[in-house]
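As structure tokens, the structure follows; a few thoughts come after it.
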Amino acid sequence: MTVRVVVDSAAGLSEELLRELDIAVVDLHVLDGDEGASTSGLTAIELAACYGRQLERGGDDGVVALHLSKSFSSTWSAAVQAAGVFPGNVRVVDTNAAGMAVGAAAMAAATIAREGADLDECEEMARSTIERSETWLYLSQLDDLRKSGRLSTGTAVLSAALLATKPILRLHEGKFELAGKTRTQTKAFAKLAELVMERAEDLPVFAAVQHAECEDAAEQLAETLREVLPNGSRVLVAPLVDVLAVHTGSGAIGLSVVFSSQGRPAA
């Protein structure tokens, strides 16, 4: 029996990775409305049911739950409520993150769980991975993100005034902030590579490039990263899941990177 790891679908893990690492996923809700698609967080009842099933599978060794930032979804607060049904057995990590930053933390925790790590060790691994991660978002337009409420009006106006085209945003402590000013896609990708290299400090990283209906551009960014990242780095390309793409709009590219530190590999 092992500690179980649970994510919501915003983590962006492929079916292959979920099966390989035996990670449980609960799908966030994508809703179709008259004004377009929207999303809805998970309820405490849905999450409690999932946690209960995973505890049964793991022989009550425990569950590490990793969910979309509480700044973006009510799922985290529902998870905390659901965890209260299983005192001490379910650890809900406050990720302040989205996309593959959460997915990478789940992968790391699930990997050591399979090697026999206990609940405390799996929770610490998940937290450490989140702390060593950064996420950037390259957008072809700001309208969808602003309409979703995930971007402040001030940031949107500032970006539009300074860039007139396409911004690079950084997800920091659950909020987006302006991270770069470029006018072409090529320069944007070079800037993203520069931002990653500044923190990498010649140590290998794990990078995940996620895209909303722009696979060719995502592959271009991935190739740019592969050319400059330290030896031993891994670069993954995957579609941006619907529950996130609804808010970013088509043409968006997310880049999540987990950095190495002394005694801790990237992923």
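Identifiers for the structure tokens are assigned positionally: chains receive A, B, ... in sequence, residues are indexed from 1 per chain, and ligands are indexed from 1 in the order shown.
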
Segment 106-110 of chain A environment, 9 Å, only C-alpha atoms, sequence neighbours closer than 3 positions dropped, as a short mmCIF file (atom, residue, chain, number, x, y, z; two decimals) with N, CA and C atoms, in the first residue's frame:
```
data_model
loop_
_atom_site.label_atom_id
_atom_site.label_comp_id
_atom_site.auth_asym_id
_atom_site.auth_seq_id
_atom_site.Cartn_x
_atom_site.Cartn_y
_atom_site.Cartn_z
N VAL A 3 1.01 5.88 -0.23
CA VAL A 3 0.32 7.16 -0.19
C VAL A 3 -0.24 7.46 -1.57
N ARG A 4 -1.45 7.99 -1.62
CA ARG A 4 -2.10 8.30 -2.87
C ARG A 4 -1.98 9.80 -3.18
N VAL A 5 -1.91 10.15 -4.45
CA VAL A 5 -1.84 11.55 -4.88
C VAL A 5 -3.07 11.86 -5.73
N VAL A 6 -3.72 13.00 -5.42
CA VAL A 6 -4.92 13.43 -6.14
C VAL A 6 -4.69 14.83 -6.70
N VAL A 7 -5.11 15.04 -7.95
CA VAL A 7 -5.08 16.36 -8.57
C VAL A 7 -6.44 16.65 -9.18
N ALA A 11 -4.28 20.45 -13.51
CA ALA A 11 -2.87 20.08 -13.42
C ALA A 11 -2.29 19.73 -14.78
N LEU A 13 -2.06 16.89 -16.47
CA LEU A 13 -1.35 15.62 -16.67
C LEU A 13 -2.05 14.77 -17.72
N LEU A 17 0.59 9.75 -18.22
CA LEU A 17 1.29 10.02 -16.96
C LEU A 17 0.43 9.63 -15.75
N LEU A 18 -0.86 9.89 -15.83
CA LEU A 18 -1.76 9.52 -14.74
C LEU A 18 -1.72 8.01 -14.49
N LEU A 21 1.95 6.79 -13.15
CA LEU A 21 2.25 7.11 -11.76
C LEU A 21 1.07 6.84 -10.83
N ASP A 22 -0.03 6.33 -11.39
CA ASP A 22 -1.21 5.98 -10.61
C ASP A 22 -1.72 7.17 -9.79
N ILE A 23 -1.83 8.31 -10.46
CA ILE A 23 -2.35 9.53 -9.84
C ILE A 23 -3.84 9.63 -10.15
N VAL A 64 -2.20 12.95 -0.58
CA VAL A 64 -1.70 14.30 -0.83
C VAL A 64 -2.54 14.88 -1.96
N ALA A 65 -3.23 15.99 -1.70
CA ALA A 65 -4.14 16.61 -2.68
C ALA A 65 -3.54 17.91 -3.18
N LEU A 66 -3.45 18.03 -4.50
CA LEU A 66 -2.88 19.21 -5.15
C LEU A 66 -3.90 19.79 -6.11
N ALA A 101 2.92 23.17 -13.22
CA ALA A 101 3.62 23.36 -11.95
C ALA A 101 2.98 22.46 -10.89
N VAL A 102 1.65 22.40 -10.92
CA VAL A 102 0.93 21.49 -10.02
C VAL A 102 1.14 20.05 -10.46
N GLY A 103 1.08 19.82 -11.78
CA GLY A 103 1.29 18.47 -12.30
C GLY A 103 2.65 17.91 -11.94
N ALA A 113 6.21 8.15 -3.47
CA ALA A 113 5.20 7.30 -2.80
C ALA A 113 5.36 5.85 -3.25
N ARG A 114 5.60 5.66 -4.54
CA ARG A 114 5.78 4.31 -5.06
C ARG A 114 7.06 3.66 -4.54
N GLU A 115 7.99 4.49 -4.10
CA GLU A 115 9.25 3.98 -3.54
C GLU A 115 9.15 3.73 -2.04
N ALA A 117 7.80 6.13 0.35
CA ALA A 117 7.80 7.31 1.21
C ALA A 117 6.49 7.42 1.98
N GLU A 121 6.64 12.72 4.03
CA GLU A 121 7.66 12.86 2.99
C GLU A 121 7.04 13.22 1.64
N CYS A 122 5.90 12.63 1.32
CA CYS A 122 5.23 12.93 0.06
C CYS A 122 4.71 14.37 0.05
N GLU A 123 4.14 14.81 1.17
CA GLU A 123 3.66 16.18 1.26
C GLU A 123 4.83 17.17 1.12
N GLU A 124 5.94 16.87 1.79
CA GLU A 124 7.10 17.76 1.72
C GLU A 124 7.66 17.83 0.31
N MET A 125 7.69 16.70 -0.39
CA MET A 125 8.17 16.68 -1.76
C MET A 125 7.28 17.54 -2.67
N ALA A 126 5.97 17.43 -2.49
CA ALA A 126 5.04 18.24 -3.29
C ALA A 126 5.26 19.73 -3.02
N THR A 129 8.58 20.96 -4.55
CA THR A 129 8.51 21.09 -6.00
C THR A 129 7.77 22.37 -6.40
N ALA A 267 12.90 17.28 -11.34
CA ALA A 267 11.69 16.44 -11.29
C ALA A 267 12.07 15.01 -11.65
#
```

Query raised in the report: What lies within 12 Å of Asp32 of chain A using only C-alpha atoms, ignoring chain neighbours under 6 positions off, as a PyMOL selection string?
Result: chain A and resi 38-40+242-243+246

Requested in this report: Step one, run DSSP on the backbone; step two, keep only residues of segment 49-101 of chain A assigned to helix (DSSP H, G or I); then write them as a list in words.
Outcome: Ala49, Cys50, Tyr51, Gly52, Arg53, Gln54, Leu55, Glu56, Arg57, Thr75, Trp76, Ser77, Ala78, Ala79, Val80, Gln81, Ala82, Ala83, Met100 and Ala101 of chain A

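Between Val93 of chain A and the residues A:Val30, A:Ile130, A:Ser71, A:Gly116, the shortest atom-to-atom distance, using only C-alpha atoms, involves A:Ile130.
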
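Straight-line separation from atom CA of Val90 of chain A to atom CA of Val63 of chain A: 4.7 Å.
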
Requested in this report: Could you tell me how far atom CA of Phe72 of chain A lies from atom CA of Tyr138 of chain A, in Å and to one decimal?
Outcome: 17.9 Å

Query raised in the report: Using only C-alpha atoms, which residues sit within 10 Å of Leu42 of chain A once same-chain residues fewer than 4 positions away are excluded, as a ChimeraX atom specification?
Result: /A:8,26-29,46-47,67,73-79

Could you write out the selected residues, including N, CA and C atoms, as a short mmCIF file (atom, residue, chain, number, x, y, z; two decimals), in the first residue's frame?
```cif
data_model
loop_
_atom_site.label_atom_id
_atom_site.label_comp_id
_atom_site.auth_asym_id
_atom_site.auth_seq_id
_atom_site.Cartn_x
_atom_site.Cartn_y
_atom_site.Cartn_z
N ASP A 8 -6.66 17.91 -9.55
CA ASP A 8 -7.80 18.21 -10.41
C ASP A 8 -7.29 18.34 -11.83
N VAL A 26 -9.61 14.46 -10.58
CA VAL A 26 -11.02 14.83 -10.52
C VAL A 26 -11.22 15.98 -11.50
N ASP A 27 -12.14 15.81 -12.42
CA ASP A 27 -12.34 16.81 -13.48
C ASP A 27 -13.06 18.04 -12.97
N LEU A 28 -12.46 19.22 -13.19
CA LEU A 28 -13.16 20.47 -12.98
C LEU A 28 -14.26 20.60 -14.03
N HIS A 29 -15.22 21.47 -13.78
CA HIS A 29 -16.39 21.58 -14.64
C HIS A 29 -16.22 22.70 -15.66
N GLU A 46 -17.81 16.14 -3.83
CA GLU A 46 -17.07 15.44 -4.89
C GLU A 46 -15.67 15.06 -4.44
N LEU A 47 -15.00 15.99 -3.77
CA LEU A 47 -13.62 15.74 -3.35
C LEU A 47 -13.56 14.73 -2.21
N HIS A 67 -4.28 21.05 -5.87
CA HIS A 67 -5.35 21.64 -6.67
C HIS A 67 -4.95 23.03 -7.18
N SER A 73 -9.85 29.47 -8.20
CA SER A 73 -10.95 28.51 -8.09
C SER A 73 -11.34 28.30 -6.63
N SER A 74 -12.60 27.94 -6.43
CA SER A 74 -13.10 27.60 -5.10
C SER A 74 -12.71 26.18 -4.71
N THR A 75 -12.05 25.46 -5.60
CA THR A 75 -11.73 24.05 -5.34
C THR A 75 -10.86 23.87 -4.12
N TRP A 76 -9.87 24.76 -3.92
CA TRP A 76 -8.96 24.60 -2.78
C TRP A 76 -9.73 24.64 -1.45
N SER A 77 -10.62 25.62 -1.29
CA SER A 77 -11.37 25.72 -0.03
C SER A 77 -12.29 24.52 0.14
N ALA A 78 -12.86 24.02 -0.98
CA ALA A 78 -13.68 22.82 -0.91
C ALA A 78 -12.83 21.62 -0.51
N ALA A 79 -11.58 21.58 -0.99
CA ALA A 79 -10.68 20.49 -0.64
C ALA A 79 -10.34 20.49 0.85
#
```

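Nearest to Lys166 of chain A of all the residues A:Ala97, A:Leu139, A:Leu119, A:Leu255 is A:Leu139, based on only C-alpha atoms.
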
Those of segment 33-256 of chain A in DSSP strand (DSSP E or B), formatted as a short mmCIF file (atom, residue, chain, number, x, y, z; two decimals) with all heavy atoms, in the first residue's frame:
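That gives us states.cif:
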```cif
data_model
loop_
_atom_site.label_atom_id
_atom_site.label_comp_id
_atom_site.auth_asym_id
_atom_site.auth_seq_id
_atom_site.Cartn_x
_atom_site.Cartn_y
_atom_site.Cartn_z
N GLY A 33 -22.39 28.32 -21.89
CA GLY A 33 -23.44 29.29 -21.65
C GLY A 33 -23.69 30.16 -22.86
O GLY A 33 -22.99 30.07 -23.87
N GLY A 36 -20.66 32.12 -23.90
CA GLY A 36 -19.44 31.34 -24.06
C GLY A 36 -19.20 30.40 -22.91
O GLY A 36 -19.99 30.34 -21.96
N ALA A 37 -18.11 29.65 -22.98
CA ALA A 37 -17.81 28.66 -21.95
C ALA A 37 -17.28 29.33 -20.69
O ALA A 37 -16.67 30.39 -20.72
CB ALA A 37 -16.79 27.66 -22.49
N SER A 38 -17.53 28.68 -19.56
CA SER A 38 -17.00 29.11 -18.27
C SER A 38 -16.63 27.87 -17.47
O SER A 38 -16.83 26.74 -17.93
CB SER A 38 -18.03 29.96 -17.52
OG SER A 38 -19.20 29.20 -17.25
N THR A 39 -16.08 28.08 -16.30
CA THR A 39 -15.66 26.94 -15.48
C THR A 39 -16.25 27.04 -14.08
O THR A 39 -16.65 28.10 -13.62
CB THR A 39 -14.13 26.86 -15.37
OG1 THR A 39 -13.63 28.08 -14.80
CG2 THR A 39 -13.50 26.65 -16.74
N SER A 40 -16.28 25.88 -13.42
CA SER A 40 -16.81 25.82 -12.06
C SER A 40 -15.93 24.89 -11.24
O SER A 40 -15.49 23.84 -11.72
CB SER A 40 -18.25 25.31 -12.07
OG SER A 40 -18.74 25.14 -10.77
N VAL A 63 -3.41 10.65 1.78
CA VAL A 63 -3.60 11.28 0.47
C VAL A 63 -2.95 12.66 0.48
O VAL A 63 -3.10 13.43 1.43
CB VAL A 63 -5.10 11.44 0.14
CG1 VAL A 63 -5.32 12.38 -1.04
CG2 VAL A 63 -5.74 10.08 -0.13
N VAL A 64 -2.20 12.95 -0.58
CA VAL A 64 -1.70 14.30 -0.83
C VAL A 64 -2.54 14.88 -1.96
O VAL A 64 -2.58 14.31 -3.06
CB VAL A 64 -0.21 14.31 -1.21
CG1 VAL A 64 0.23 15.72 -1.59
CG2 VAL A 64 0.64 13.77 -0.07
N ALA A 65 -3.23 15.99 -1.70
CA ALA A 65 -4.14 16.61 -2.68
C ALA A 65 -3.54 17.91 -3.18
O ALA A 65 -3.18 18.79 -2.39
CB ALA A 65 -5.50 16.86 -2.04
N LEU A 66 -3.45 18.03 -4.50
CA LEU A 66 -2.88 19.21 -5.15
C LEU A 66 -3.90 19.79 -6.11
O LEU A 66 -4.30 19.12 -7.07
CB LEU A 66 -1.60 18.82 -5.90
CG LEU A 66 -0.46 18.33 -5.00
CD1 LEU A 66 0.38 17.31 -5.73
CD2 LEU A 66 0.40 19.50 -4.56
N VAL A 90 -5.57 13.29 5.01
CA VAL A 90 -5.55 13.98 3.73
C VAL A 90 -4.85 15.33 3.91
O VAL A 90 -5.26 16.15 4.71
CB VAL A 90 -6.97 14.21 3.18
CG1 VAL A 90 -6.92 15.01 1.87
CG2 VAL A 90 -7.68 12.88 2.96
N ARG A 91 -3.76 15.53 3.16
CA ARG A 91 -3.00 16.77 3.22
C ARG A 91 -3.26 17.58 1.95
O ARG A 91 -2.92 17.15 0.85
CB ARG A 91 -1.50 16.46 3.33
CG ARG A 91 -1.14 15.48 4.44
CD ARG A 91 -1.18 16.11 5.81
NE ARG A 91 -0.89 15.14 6.85
CZ ARG A 91 0.34 14.76 7.22
NH1 ARG A 91 1.40 15.28 6.60
NH2 ARG A 91 0.52 13.89 8.19
N VAL A 92 -3.87 18.74 2.10
CA VAL A 92 -4.18 19.61 0.97
C VAL A 92 -3.09 20.67 0.87
O VAL A 92 -2.93 21.49 1.78
CB VAL A 92 -5.56 20.27 1.12
CG1 VAL A 92 -5.84 21.18 -0.09
CG2 VAL A 92 -6.65 19.21 1.25
N VAL A 93 -2.34 20.66 -0.22
CA VAL A 93 -1.24 21.59 -0.41
C VAL A 93 -1.77 22.88 -1.04
O VAL A 93 -2.49 22.84 -2.05
CB VAL A 93 -0.15 20.98 -1.32
CG1 VAL A 93 0.96 22.00 -1.60
CG2 VAL A 93 0.42 19.73 -0.68
N SER A 133 9.26 26.03 -8.45
CA SER A 133 8.67 26.17 -9.78
C SER A 133 8.34 27.63 -10.10
O SER A 133 8.15 28.46 -9.22
CB SER A 133 7.41 25.32 -9.90
OG SER A 133 6.35 25.87 -9.14
N GLU A 134 8.28 27.89 -11.40
CA GLU A 134 7.82 29.18 -11.93
C GLU A 134 6.90 28.90 -13.11
O GLU A 134 7.11 27.93 -13.85
CB GLU A 134 9.00 30.03 -12.41
CG GLU A 134 9.90 30.57 -11.31
CD GLU A 134 9.37 31.85 -10.68
OE1 GLU A 134 8.23 32.25 -10.99
OE2 GLU A 134 10.12 32.45 -9.89
N THR A 135 5.92 29.77 -13.30
CA THR A 135 5.01 29.64 -14.45
C THR A 135 4.86 30.99 -15.13
O THR A 135 4.63 32.01 -14.48
CB THR A 135 3.63 29.13 -14.01
OG1 THR A 135 3.76 27.79 -13.52
CG2 THR A 135 2.65 29.11 -15.18
N TRP A 136 5.03 30.95 -16.46
CA TRP A 136 4.82 32.13 -17.28
C TRP A 136 3.73 31.85 -18.31
O TRP A 136 3.49 30.70 -18.67
CB TRP A 136 6.10 32.52 -18.02
CG TRP A 136 7.22 32.97 -17.15
CD1 TRP A 136 7.46 34.23 -16.69
CD2 TRP A 136 8.28 32.17 -16.62
NE1 TRP A 136 8.60 34.26 -15.92
CE2 TRP A 136 9.13 33.00 -15.86
CE3 TRP A 136 8.62 30.80 -16.73
CZ2 TRP A 136 10.27 32.54 -15.22
CZ3 TRP A 136 9.74 30.33 -16.08
CH2 TRP A 136 10.55 31.19 -15.34
N LEU A 137 3.10 32.91 -18.78
CA LEU A 137 2.03 32.78 -19.78
C LEU A 137 2.26 33.80 -20.88
O LEU A 137 2.38 35.01 -20.63
CB LEU A 137 0.67 33.03 -19.11
CG LEU A 137 -0.58 32.80 -19.95
CD1 LEU A 137 -0.68 31.35 -20.39
CD2 LEU A 137 -1.83 33.21 -19.16
N TYR A 138 2.37 33.29 -22.10
CA TYR A 138 2.52 34.13 -23.29
C TYR A 138 1.17 34.17 -24.01
O TYR A 138 0.62 33.12 -24.35
CB TYR A 138 3.61 33.57 -24.20
CG TYR A 138 3.67 34.20 -25.58
CD1 TYR A 138 4.06 35.52 -25.73
CD2 TYR A 138 3.34 33.46 -26.71
CE1 TYR A 138 4.12 36.11 -26.99
CE2 TYR A 138 3.39 34.04 -27.98
CZ TYR A 138 3.79 35.36 -28.11
OH TYR A 138 3.84 35.93 -29.35
N LYS A 166 1.59 41.56 -27.57
CA LYS A 166 1.47 40.30 -26.83
C LYS A 166 2.37 40.29 -25.59
O LYS A 166 3.58 40.39 -25.71
CB LYS A 166 1.85 39.14 -27.74
CG LYS A 166 1.02 39.10 -29.02
CD LYS A 166 1.63 38.18 -30.04
CE LYS A 166 0.87 38.26 -31.35
NZ LYS A 166 1.47 37.44 -32.41
N PRO A 167 1.78 40.16 -24.40
CA PRO A 167 2.57 40.20 -23.17
C PRO A 167 3.07 38.83 -22.72
O PRO A 167 2.53 37.79 -23.09
CB PRO A 167 1.58 40.75 -22.16
CG PRO A 167 0.27 40.17 -22.61
CD PRO A 167 0.35 40.15 -24.12
N ILE A 168 4.10 38.85 -21.88
CA ILE A 168 4.51 37.68 -21.10
C ILE A 168 4.14 37.98 -19.65
O ILE A 168 4.56 39.00 -19.09
CB ILE A 168 6.02 37.42 -21.20
CG1 ILE A 168 6.41 37.11 -22.64
CG2 ILE A 168 6.43 36.28 -20.29
CD1 ILE A 168 7.92 37.02 -22.86
N LEU A 169 3.32 37.12 -19.07
CA LEU A 169 2.91 37.29 -17.68
C LEU A 169 3.55 36.22 -16.81
O LEU A 169 3.78 35.10 -17.26
CB LEU A 169 1.39 37.20 -17.55
CG LEU A 169 0.56 38.18 -18.41
CD1 LEU A 169 -0.92 37.89 -18.24
CD2 LEU A 169 0.88 39.61 -18.04
N ARG A 170 3.82 36.56 -15.57
CA ARG A 170 4.35 35.61 -14.60
C ARG A 170 3.30 35.36 -13.54
O ARG A 170 2.67 36.30 -13.04
CB ARG A 170 5.62 36.17 -13.94
CG ARG A 170 6.20 35.28 -12.84
CD ARG A 170 7.23 36.04 -12.04
NE ARG A 170 7.78 35.25 -10.95
CZ ARG A 170 8.25 35.76 -9.81
NH1 ARG A 170 8.22 37.08 -9.62
NH2 ARG A 170 8.73 34.98 -8.87
N LEU A 171 3.09 34.10 -13.22
CA LEU A 171 2.17 33.74 -12.14
C LEU A 171 2.94 33.75 -10.83
O LEU A 171 3.83 32.92 -10.62
CB LEU A 171 1.56 32.36 -12.39
CG LEU A 171 0.56 31.85 -11.34
CD1 LEU A 171 -0.59 32.83 -11.17
CD2 LEU A 171 0.04 30.47 -11.73
N HIS A 172 2.65 34.73 -9.98
CA HIS A 172 3.40 34.90 -8.74
C HIS A 172 2.43 35.00 -7.58
O HIS A 172 1.56 35.88 -7.55
CB HIS A 172 4.26 36.17 -8.81
CG HIS A 172 5.06 36.43 -7.58
ND1 HIS A 172 6.02 35.55 -7.12
CD2 HIS A 172 5.05 37.48 -6.71
CE1 HIS A 172 6.57 36.05 -6.02
NE2 HIS A 172 5.99 37.20 -5.75
N LYS A 175 -1.18 35.27 -8.52
CA LYS A 175 -1.63 36.39 -9.34
C LYS A 175 -0.70 36.58 -10.53
O LYS A 175 0.49 36.29 -10.45
CB LYS A 175 -1.68 37.68 -8.50
CG LYS A 175 -2.65 37.61 -7.33
CD LYS A 175 -2.63 38.91 -6.53
CE LYS A 175 -3.60 38.85 -5.35
NZ LYS A 175 -3.57 40.09 -4.55
N PHE A 176 -1.25 37.10 -11.63
CA PHE A 176 -0.45 37.38 -12.81
C PHE A 176 0.15 38.77 -12.73
O PHE A 176 -0.54 39.73 -12.37
CB PHE A 176 -1.30 37.26 -14.09
CG PHE A 176 -1.58 35.85 -14.49
CD1 PHE A 176 -2.86 35.33 -14.40
CD2 PHE A 176 -0.56 35.03 -14.96
CE1 PHE A 176 -3.13 34.03 -14.78
CE2 PHE A 176 -0.82 33.72 -15.32
CZ PHE A 176 -2.10 33.22 -15.24
N GLU A 177 1.44 38.88 -13.07
CA GLU A 177 2.11 40.16 -13.15
C GLU A 177 2.89 40.23 -14.45
O GLU A 177 3.29 39.21 -15.01
CB GLU A 177 3.05 40.35 -11.95
CG GLU A 177 4.14 39.30 -11.85
CD GLU A 177 4.98 39.44 -10.61
OE1 GLU A 177 4.47 39.97 -9.59
OE2 GLU A 177 6.16 39.05 -10.65
N LEU A 178 3.09 41.44 -14.95
CA LEU A 178 3.81 41.62 -16.20
C LEU A 178 5.27 41.23 -16.02
O LEU A 178 5.95 41.70 -15.12
CB LEU A 178 3.71 43.08 -16.64
CG LEU A 178 4.21 43.42 -18.03
CD1 LEU A 178 3.39 42.71 -19.09
CD2 LEU A 178 4.17 44.94 -18.25
N ALA A 179 5.77 40.36 -16.92
CA ALA A 179 7.14 39.87 -16.80
C ALA A 179 8.01 40.23 -17.99
O ALA A 179 9.24 40.15 -17.89
CB ALA A 179 7.15 38.35 -16.62
N GLY A 180 7.42 40.60 -19.11
CA GLY A 180 8.22 40.89 -20.28
C GLY A 180 7.48 41.71 -21.31
O GLY A 180 6.25 41.68 -21.38
N LYS A 181 8.23 42.47 -22.10
CA LYS A 181 7.66 43.32 -23.14
C LYS A 181 8.34 42.98 -24.46
O LYS A 181 9.49 43.36 -24.67
CB LYS A 181 7.84 44.79 -22.80
CG LYS A 181 7.17 45.21 -21.49
CD LYS A 181 7.34 46.69 -21.22
CE LYS A 181 8.79 47.02 -20.91
NZ LYS A 181 8.96 48.47 -20.60
N THR A 182 7.66 42.26 -25.31
CA THR A 182 8.20 41.91 -26.63
C THR A 182 7.13 42.15 -27.68
O THR A 182 5.93 42.11 -27.38
CB THR A 182 8.64 40.44 -26.69
OG1 THR A 182 7.51 39.60 -26.45
CG2 THR A 182 9.71 40.15 -25.64
N VAL A 205 16.73 21.46 -15.44
CA VAL A 205 15.36 21.82 -15.06
C VAL A 205 14.38 20.88 -15.74
O VAL A 205 14.72 20.17 -16.70
CB VAL A 205 15.03 23.28 -15.46
CG1 VAL A 205 16.06 24.26 -14.96
CG2 VAL A 205 14.88 23.40 -16.99
N PHE A 206 13.16 20.87 -15.23
CA PHE A 206 12.04 20.22 -15.90
C PHE A 206 11.13 21.32 -16.40
O PHE A 206 10.67 22.16 -15.63
CB PHE A 206 11.28 19.31 -14.95
CG PHE A 206 9.97 18.80 -15.51
CD1 PHE A 206 9.96 17.77 -16.45
CD2 PHE A 206 8.77 19.36 -15.13
CE1 PHE A 206 8.77 17.31 -16.99
CE2 PHE A 206 7.57 18.91 -15.65
CZ PHE A 206 7.57 17.87 -16.58
N ALA A 207 10.87 21.36 -17.71
CA ALA A 207 10.04 22.40 -18.31
C ALA A 207 8.87 21.78 -19.05
O ALA A 207 9.04 20.81 -19.78
CB ALA A 207 10.87 23.27 -19.26
N ALA A 208 7.69 22.35 -18.86
CA ALA A 208 6.49 21.89 -19.56
C ALA A 208 5.89 23.05 -20.33
O ALA A 208 5.58 24.10 -19.75
CB ALA A 208 5.48 21.34 -18.57
N VAL A 209 5.78 22.88 -21.64
CA VAL A 209 5.19 23.89 -22.50
C VAL A 209 3.77 23.42 -22.84
O VAL A 209 3.59 22.36 -23.43
CB VAL A 209 6.00 24.06 -23.80
CG1 VAL A 209 5.36 25.14 -24.68
CG2 VAL A 209 7.45 24.41 -23.50
N GLN A 210 2.78 24.23 -22.46
CA GLN A 210 1.39 23.89 -22.74
C GLN A 210 0.80 24.93 -23.68
O GLN A 210 1.08 26.13 -23.54
CB GLN A 210 0.58 23.83 -21.44
CG GLN A 210 1.04 22.71 -20.51
CD GLN A 210 0.27 22.72 -19.20
OE1 GLN A 210 0.64 23.42 -18.26
NE2 GLN A 210 -0.82 21.96 -19.15
N HIS A 211 -0.02 24.49 -24.61
CA HIS A 211 -0.50 25.41 -25.65
C HIS A 211 -1.99 25.27 -25.87
O HIS A 211 -2.58 24.21 -25.67
CB HIS A 211 0.24 25.14 -26.97
CG HIS A 211 -0.05 23.78 -27.53
ND1 HIS A 211 -1.10 23.54 -28.40
CD2 HIS A 211 0.56 22.57 -27.34
CE1 HIS A 211 -1.11 22.27 -28.72
NE2 HIS A 211 -0.12 21.64 -28.10
N ARG A 234 14.76 18.35 -19.00
CA ARG A 234 13.68 17.69 -19.76
C ARG A 234 12.66 18.74 -20.17
O ARG A 234 12.31 19.61 -19.37
CB ARG A 234 13.00 16.61 -18.94
CG ARG A 234 13.88 15.40 -18.63
CD ARG A 234 13.04 14.28 -18.03
NE ARG A 234 12.54 14.62 -16.70
CZ ARG A 234 11.44 14.13 -16.16
NH1 ARG A 234 10.69 13.28 -16.84
NH2 ARG A 234 11.08 14.45 -14.93
N VAL A 235 12.19 18.64 -21.41
CA VAL A 235 11.18 19.56 -21.92
C VAL A 235 10.01 18.76 -22.46
O VAL A 235 10.17 17.91 -23.32
CB VAL A 235 11.74 20.47 -23.02
CG1 VAL A 235 10.67 21.44 -23.50
CG2 VAL A 235 12.97 21.24 -22.54
N LEU A 236 8.83 19.05 -21.93
CA LEU A 236 7.60 18.35 -22.31
C LEU A 236 6.68 19.33 -23.02
O LEU A 236 6.57 20.50 -22.61
CB LEU A 236 6.93 17.80 -21.06
CG LEU A 236 5.53 17.19 -21.17
CD1 LEU A 236 5.61 15.84 -21.88
CD2 LEU A 236 4.90 17.03 -19.79
N VAL A 237 6.00 18.89 -24.08
CA VAL A 237 5.00 19.71 -24.78
C VAL A 237 3.65 19.02 -24.68
O VAL A 237 3.55 17.81 -24.94
CB VAL A 237 5.38 19.92 -26.25
CG1 VAL A 237 4.30 20.73 -26.97
CG2 VAL A 237 6.73 20.62 -26.37
N ALA A 238 2.62 19.77 -24.30
CA ALA A 238 1.28 19.18 -24.14
C ALA A 238 0.22 20.25 -24.38
O ALA A 238 0.48 21.45 -24.22
CB ALA A 238 1.12 18.60 -22.75
N PRO A 239 -0.98 19.84 -24.77
CA PRO A 239 -2.06 20.82 -24.92
C PRO A 239 -2.44 21.44 -23.57
O PRO A 239 -2.33 20.78 -22.53
CB PRO A 239 -3.22 19.98 -25.48
CG PRO A 239 -2.59 18.73 -26.00
CD PRO A 239 -1.39 18.48 -25.15
N ILE A 253 0.28 30.26 -24.68
CA ILE A 253 1.28 29.27 -24.35
C ILE A 253 1.69 29.45 -22.89
O ILE A 253 2.06 30.54 -22.47
CB ILE A 253 2.53 29.39 -25.25
CG1 ILE A 253 2.17 29.03 -26.69
CG2 ILE A 253 3.66 28.50 -24.75
CD1 ILE A 253 3.32 29.15 -27.66
N GLY A 254 1.59 28.37 -22.11
CA GLY A 254 2.03 28.38 -20.73
C GLY A 254 3.36 27.66 -20.60
O GLY A 254 3.57 26.63 -21.25
N LEU A 255 4.25 28.19 -19.80
CA LEU A 255 5.54 27.55 -19.55
C LEU A 255 5.72 27.40 -18.04
O LEU A 255 5.81 28.39 -17.32
CB LEU A 255 6.69 28.39 -20.13
CG LEU A 255 8.11 27.93 -19.77
CD1 LEU A 255 8.38 26.53 -20.30
CD2 LEU A 255 9.15 28.91 -20.29
N SER A 256 5.73 26.15 -17.58
CA SER A 256 5.98 25.86 -16.17
C SER A 256 7.33 25.17 -16.05
O SER A 256 7.61 24.23 -16.79
CB SER A 256 4.89 24.96 -15.59
OG SER A 256 3.64 25.62 -15.58
#
```
